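Student: Below you will find the structure I want to go over with you.
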Amino acid sequence: MGGRQVLAARWLLASAMDGELSERELVIAARSAVAELGSSERLLELIAELACGEGDPEGCARLSYRHVLGFDKLLLIDGGRRHMLRAHLWHPGADGIGKEDIHNHRSPLASYIVRGRLAMELYEVGGDGGIAADRYEESLAEQSADWRLAPTGPARLRLTHVGQYAAGSSYALPPHTLHRAWCDTDQPTVTLFLETGSERRRSTDVFTAAGPHPGAVQKVPLSTADYLGALGGLAELLRSS
């Protein structure tokens, strides 16, 4: 199932990401893939096709939701454990439960800034001074895929990098890299986000200096109608860019 752009995106991702690649090779390939798919004209055509019901709208809606970090996470191409391509819509001043969290990921990732601007900080654990934080192990509940957060004690973090990423730029990170990102403009920011790799970590690390977290956070998927509506709105936003 899928129109011309959906099939072309699936082919590009499969040819670039599938196979026996090292973590470093996955990071490089992912960054190249999102840069190619994230060009404004190509991405607009892909999202317009999906908004018309091409691809797997029911399946993608079940895996699309408002993230605890405060952005809308819309699944575009579901490659299962091999790769997942998503559009992230960041709202200026959005308030999420984990908006201040510093975290890492289950697998190598890459992101391309399509519209707007992101700011990002990188951190490492340890060292004197730095930021005092509470550390959690984050995992997914087996039945519902809700976020579960188990406290693992205090920690100190050291800031290692601060960057800004404007439209047309990209970044890629290995899974253990600790970072925090947010919308750095008063206009909506759109990013194309690619998760990769068949050997994904079962849990991630989350650090917060903003006080204790609840033990679980519900993940509320979009209905198919809301998913298609969100894609239509995203297409209009990209047309106006």
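Residues are referred to by chain and number: the chain letter is A, B, ... according to the order shown in the structure tokens, the number counts from 1 in that chain, and ligands are numbered separately from 1 in the order shown.
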Using only C-alpha atoms, what does the table of stretch 21-109 of chain A residues within 6 Å of stretch 198-222 of chain A look like, with each row giving the shortest atom pair and its distance in Å to one decimal, sorted by chain and ascending number, as a tab-separated table?

Tutor:
residue	atom	partner	partner_atom	distance
A:Ala61	CA	A:Leu222	CA	5.3
A:Arg62	CA	A:Pro221	CA	5.2
A:Ser64	CA	A:Pro221	CA	5.4
A:Tyr65	CA	A:Pro221	CA	4.8
A:Arg81	CA	A:Ser198	CA	4.9
A:Arg82	CA	A:Ser198	CA	4.9
A:Asp101	CA	A:Thr208	CA	4.9
A:Ile102	CA	A:Phe207	CA	5.1
A:His103	CA	A:Val206	CA	4.5
A:Asn104	CA	A:Asp205	CA	5.9
A:His105	CA	A:Thr204	CA	5.7
A:Arg106	CA	A:Arg201	CA	4.5
A:Ser107	CA	A:Arg200	CA	5.2

Student: Would you save the residues of that selection, restricted to all heavy atoms, as a short mmCIF file (atom, residue, chain, number, x, y, z; two decimals), in the first residue's frame?

Tutor:
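What follows is the written file selection-v4.cif:
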data_model
loop_
_atom_site.label_atom_id
_atom_site.label_comp_id
_atom_site.auth_asym_id
_atom_site.auth_seq_id
_atom_site.Cartn_x
_atom_site.Cartn_y
_atom_site.Cartn_z
N ALA A 61 -1.34 5.70 13.04
CA ALA A 61 -2.04 6.47 14.05
C ALA A 61 -1.84 5.87 15.43
O ALA A 61 -1.70 6.59 16.42
CB ALA A 61 -3.53 6.55 13.71
N ARG A 62 -1.82 4.53 15.51
CA ARG A 62 -1.65 3.87 16.80
C ARG A 62 -0.29 4.15 17.43
O ARG A 62 -0.10 3.97 18.63
CB ARG A 62 -1.85 2.36 16.65
CG ARG A 62 -3.29 1.95 16.41
CD ARG A 62 -3.47 0.46 16.59
NE ARG A 62 -2.73 -0.31 15.60
CZ ARG A 62 -3.23 -0.69 14.43
NH1 ARG A 62 -4.49 -0.36 14.10
NH2 ARG A 62 -2.51 -1.40 13.58
N SER A 64 1.33 7.20 16.96
CA SER A 64 1.51 8.65 16.89
C SER A 64 0.83 9.28 18.11
O SER A 64 -0.27 8.86 18.49
CB SER A 64 0.90 9.22 15.61
OG SER A 64 1.52 8.67 14.46
N TYR A 65 1.47 10.30 18.71
CA TYR A 65 0.98 10.81 19.99
C TYR A 65 1.71 12.11 20.34
O TYR A 65 2.68 12.49 19.69
CB TYR A 65 1.22 9.78 21.10
CG TYR A 65 2.60 9.17 21.08
CD1 TYR A 65 3.66 9.77 21.75
CD2 TYR A 65 2.87 8.02 20.34
CE1 TYR A 65 4.93 9.24 21.70
CE2 TYR A 65 4.15 7.49 20.27
CZ TYR A 65 5.17 8.10 20.96
OH TYR A 65 6.45 7.57 20.90
N ARG A 81 11.33 -3.02 13.51
CA ARG A 81 12.56 -2.89 14.30
C ARG A 81 13.73 -2.40 13.46
O ARG A 81 14.80 -2.12 14.00
CB ARG A 81 12.90 -4.23 14.95
CG ARG A 81 11.91 -4.66 16.02
CD ARG A 81 12.39 -5.89 16.75
NE ARG A 81 13.67 -5.66 17.43
CZ ARG A 81 13.79 -5.08 18.62
NH1 ARG A 81 12.71 -4.66 19.27
NH2 ARG A 81 14.97 -4.92 19.17
N ARG A 82 13.55 -2.29 12.15
CA ARG A 82 14.67 -1.85 11.30
C ARG A 82 14.79 -0.33 11.29
O ARG A 82 15.88 0.21 11.43
CB ARG A 82 14.47 -2.38 9.88
CG ARG A 82 14.49 -3.91 9.78
CD ARG A 82 14.01 -4.33 8.41
NE ARG A 82 12.64 -3.86 8.18
CZ ARG A 82 12.07 -3.77 6.98
NH1 ARG A 82 12.76 -4.06 5.89
NH2 ARG A 82 10.82 -3.35 6.85
N ASP A 101 13.84 17.31 30.63
CA ASP A 101 14.59 16.07 30.80
C ASP A 101 15.79 15.99 29.86
O ASP A 101 15.74 16.42 28.70
CB ASP A 101 13.70 14.86 30.54
CG ASP A 101 12.74 14.60 31.68
OD1 ASP A 101 12.85 15.28 32.71
OD2 ASP A 101 11.88 13.71 31.53
N ILE A 102 16.86 15.41 30.38
CA ILE A 102 18.04 15.04 29.60
C ILE A 102 17.98 13.52 29.45
O ILE A 102 17.75 12.80 30.41
CB ILE A 102 19.32 15.48 30.32
CG1 ILE A 102 19.34 17.00 30.45
CG2 ILE A 102 20.57 14.98 29.59
CD1 ILE A 102 20.26 17.52 31.53
N HIS A 103 18.15 13.03 28.22
CA HIS A 103 17.87 11.62 27.98
C HIS A 103 18.75 11.09 26.85
O HIS A 103 19.39 11.85 26.13
CB HIS A 103 16.40 11.44 27.61
CG HIS A 103 16.03 12.16 26.35
ND1 HIS A 103 15.80 13.52 26.31
CD2 HIS A 103 15.87 11.72 25.08
CE1 HIS A 103 15.51 13.88 25.08
NE2 HIS A 103 15.56 12.80 24.30
N ASN A 104 18.74 9.77 26.71
CA ASN A 104 19.32 9.15 25.53
C ASN A 104 18.27 8.26 24.87
O ASN A 104 17.09 8.34 25.20
CB ASN A 104 20.62 8.39 25.86
CG ASN A 104 20.46 7.44 27.03
OD1 ASN A 104 19.38 6.89 27.28
ND2 ASN A 104 21.55 7.22 27.76
N HIS A 105 18.69 7.43 23.91
CA HIS A 105 17.72 6.70 23.08
C HIS A 105 18.04 5.21 23.02
O HIS A 105 19.10 4.76 23.46
CB HIS A 105 17.69 7.29 21.67
CG HIS A 105 16.98 8.61 21.60
ND1 HIS A 105 15.70 8.75 21.14
CD2 HIS A 105 17.40 9.86 21.95
CE1 HIS A 105 15.34 10.02 21.21
NE2 HIS A 105 16.36 10.73 21.68
N ARG A 106 17.09 4.47 22.43
CA ARG A 106 17.26 3.03 22.31
C ARG A 106 18.13 2.62 21.14
O ARG A 106 18.63 1.50 21.08
CB ARG A 106 15.88 2.36 22.18
CG ARG A 106 15.09 2.35 23.47
CD ARG A 106 13.70 1.74 23.28
NE ARG A 106 13.07 1.56 24.58
CZ ARG A 106 12.52 2.53 25.28
NH1 ARG A 106 12.52 3.77 24.80
NH2 ARG A 106 11.97 2.31 26.46
N SER A 107 18.30 3.50 20.16
CA SER A 107 19.00 3.14 18.93
C SER A 107 19.60 4.39 18.30
O SER A 107 19.25 5.51 18.69
CB SER A 107 18.03 2.47 17.95
OG SER A 107 17.01 3.37 17.58
#

Student: In stretch 5-238 of chain A, what's strand (DSSP E) per DSSP? Answer as an NGL selection string?

Tutor: :A and (65-66 or 71-78 or 83-90 or 102-103 or 109-115 or 117-125 or 131-140 or 147-166 or 170-173 or 178-183 or 189-196 or 204-208 or 216-217)

Student: List the spatial neighbours of A:Gly126 as a PyMOL selection string - criterion: any atom at most 12 Å away, only C-alpha atoms, same-chain residues fewer than 4 positions off excluded.

Tutor: chain A and resi 130-133+154-160

Student: Would you save the residues from that selection as a PDB file, in the first residue's frame, using C-alpha atoms?

Tutor:
ATOM      1  CA  GLY A 130      28.013  20.319  37.069  1.00  0.00           C
ATOM      2  CA  ILE A 131      24.265  19.828  37.420  1.00  0.00           C
ATOM      3  CA  ALA A 132      22.677  17.786  40.191  1.00  0.00           C
ATOM      4  CA  ALA A 133      19.919  15.573  38.796  1.00  0.00           C
ATOM      5  CA  PRO A 154      21.156  10.924  42.209  1.00  0.00           C
ATOM      6  CA  ALA A 155      23.706  11.898  39.563  1.00  0.00           C
ATOM      7  CA  ARG A 156      25.739  14.843  38.345  1.00  0.00           C
ATOM      8  CA  LEU A 157      25.883  15.900  34.722  1.00  0.00           C
ATOM      9  CA  ARG A 158      28.427  17.995  32.858  1.00  0.00           C
ATOM     10  CA  LEU A 159      27.384  20.126  29.880  1.00  0.00           C
ATOM     11  CA  THR A 160      29.652  19.353  26.912  1.00  0.00           C
TER      12      THR A 160
END

Student: For A:Met17, please output as a PyMOL selection string all residues within 7 Å (counting only C-alpha atoms; exclusion window: fewer than 3 positions along the same chain).

Tutor: chain A and resi 13-14+26+29

Student: Which residues come within 12 Å of A:Thr191, counting only C-alpha atoms, excluding same-chain residues fewer than 3 positions away, as a PyMOL selection string?

Tutor: chain A and resi 34-35+37-40+43+71-74+85-91+110-118+165-171+181-183+188+194+234+238

Student: Please provide the set of residues having any atom within 9 Å of A:Ala230, restricted to only C-alpha atoms, with same-chain residues fewer than 5 positions apart removed, written as JSON, numbers by chain.

Tutor: {"A": [51, 74, 225, 235]}

Student: What does the structure give for the distance between atom CA of A:Glu58 and atom CA of A:Thr224, in Å to one decimal?

Tutor: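 Between atom CA of A:Glu58 and atom CA of A:Thr224 the gap works out to 5.4 Å.
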
Student: Can you pull out the residues contacting stretch 21-24 of chain A? Cut-off 8 Å, using only C-alpha atoms, and skip same-chain residues under 4 positions away; I want them as a list in words.

Tutor: Met17, Ile28, Pro108 and Pro174 of chain A

Student: Those selected residues, please, written with N, CA, C and O atoms and delivered as a PDB file, in the first residue's frame.

Tutor:
ATOM      1  N   MET A  17      19.362   1.567   5.145  1.00  0.00           N
ATOM      2  CA  MET A  17      19.453   1.207   6.545  1.00  0.00           C
ATOM      3  C   MET A  17      19.483  -0.301   6.812  1.00  0.00           C
ATOM      4  O   MET A  17      19.951  -0.725   7.870  1.00  0.00           O
ATOM      5  N   ILE A  28      25.710   7.439  10.201  1.00  0.00           N
ATOM      6  CA  ILE A  28      26.019   8.152   8.958  1.00  0.00           C
ATOM      7  C   ILE A  28      24.909   7.967   7.925  1.00  0.00           C
ATOM      8  O   ILE A  28      24.454   8.922   7.284  1.00  0.00           O
ATOM      9  N   PRO A 108      20.497   4.235  17.339  1.00  0.00           N
ATOM     10  CA  PRO A 108      21.017   5.399  16.622  1.00  0.00           C
ATOM     11  C   PRO A 108      19.870   6.188  15.978  1.00  0.00           C
ATOM     12  O   PRO A 108      18.861   5.616  15.553  1.00  0.00           O
ATOM     13  N   PRO A 174      24.582   8.627  18.373  1.00  0.00           N
ATOM     14  CA  PRO A 174      24.547   7.254  18.853  1.00  0.00           C
ATOM     15  C   PRO A 174      23.546   7.139  20.000  1.00  0.00           C
ATOM     16  O   PRO A 174      23.192   8.144  20.631  1.00  0.00           O
TER      17      PRO A 174
END

Student: Between A:Gly229, A:Gly93, A:Gly70, A:Gly163, which residue has the minimum interatomic distance to A:Glu121, considering only C-alpha atoms?

Tutor: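 Selected residue with least distance to A:Glu121: A:Gly163.
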
Student: With distances taken over only C-alpha atoms, which of A:Ser240, A:Trp147, A:Thr177, A:Leu12 is nearest to A:Glu41?

Tutor: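 Ranking A:Ser240, A:Trp147, A:Thr177, A:Leu12 by distance to A:Glu41, first place goes to A:Ser240.
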
Student: Kindly indicate which residue among A:Leu122, A:Gln5, A:Phe193, A:Leu149 lies nearest to A:Ala48, using only C-alpha atoms for the distances.

Tutor: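 For A:Ala48, the nearest of the candidates is A:Gln5.
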
Student: So the first atom is atom CA of A:Leu178 and the second is atom CA of A:Met120; what is the distance between them in Å, to one decimal place?

Tutor: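 Interatomic distance here is 10.4 Å.
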
Student: Out of stretch 13-147 of chain A, which residues get helix (DSSP H, G or I) from DSSP, as a VMD selection string?

Tutor: chain A and resid 13 to 17 23 to 37 40 to 51 57 to 62

Student: Grab the residues selected above and save them as a JSON list (two decimals), in the first residue's frame with C-alpha atoms.

Tutor:
[["chain", "number", "residue", "atom", "x", "y", "z"],
["A", 13, "LEU", "CA", 15.15, 3.66, 3.84],
["A", 14, "ALA", "CA", 15.41, -0.06, 3.14],
["A", 15, "SER", "CA", 18.35, 0.35, 0.78],
["A", 16, "ALA", "CA", 20.20, 2.70, 3.13],
["A", 17, "MET", "CA", 19.45, 1.21, 6.55],
["A", 23, "GLU", "CA", 26.57, 1.70, 14.87],
["A", 24, "ARG", "CA", 28.80, 4.31, 13.23],
["A", 25, "GLU", "CA", 27.60, 3.28, 9.75],
["A", 26, "LEU", "CA", 23.97, 3.46, 10.90],
["A", 27, "VAL", "CA", 24.45, 7.00, 12.23],
["A", 28, "ILE", "CA", 26.02, 8.15, 8.96],
["A", 29, "ALA", "CA", 23.40, 6.43, 6.80],
["A", 30, "ALA", "CA", 20.52, 7.78, 8.89],
["A", 31, "ARG", "CA", 21.75, 11.36, 8.62],
["A", 32, "SER", "CA", 22.07, 11.05, 4.85],
["A", 33, "ALA", "CA", 18.59, 9.51, 4.53],
["A", 34, "VAL", "CA", 16.76, 12.18, 6.53],
["A", 35, "ALA", "CA", 18.55, 14.95, 4.65],
["A", 36, "GLU", "CA", 17.37, 13.46, 1.35],
["A", 37, "LEU", "CA", 13.79, 12.81, 2.49],
["A", 40, "SER", "CA", 10.88, 20.66, 1.65],
["A", 41, "GLU", "CA", 9.34, 19.69, -1.70],
["A", 42, "ARG", "CA", 9.87, 15.95, -1.29],
["A", 43, "LEU", "CA", 8.63, 15.85, 2.31],
["A", 44, "LEU", "CA", 5.55, 17.91, 1.42],
["A", 45, "GLU", "CA", 4.64, 15.44, -1.33],
["A", 46, "LEU", "CA", 5.15, 12.49, 1.03],
["A", 47, "ILE", "CA", 3.00, 14.00, 3.80],
["A", 48, "ALA", "CA", 0.30, 15.07, 1.32],
["A", 49, "GLU", "CA", 0.07, 11.46, 0.09],
["A", 50, "LEU", "CA", -0.14, 10.12, 3.63],
["A", 51, "ALA", "CA", -2.79, 12.71, 4.54],
["A", 57, "PRO", "CA", -2.95, 5.29, 8.39],
["A", 58, "GLU", "CA", -4.54, 3.03, 11.01],
["A", 59, "GLY", "CA", -1.24, 1.44, 12.03],
["A", 60, "CYS", "CA", 0.67, 4.72, 12.01],
["A", 61, "ALA", "CA", -2.04, 6.47, 14.05],
["A", 62, "ARG", "CA", -1.65, 3.87, 16.80]]

Student: Quick one: distance from atom CA of A:Glu195 to atom CA of A:Leu173 in Å, one decimal?

Tutor: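 We find that atom CA of A:Glu195 and atom CA of A:Leu173 lie 10.2 Å from each other.
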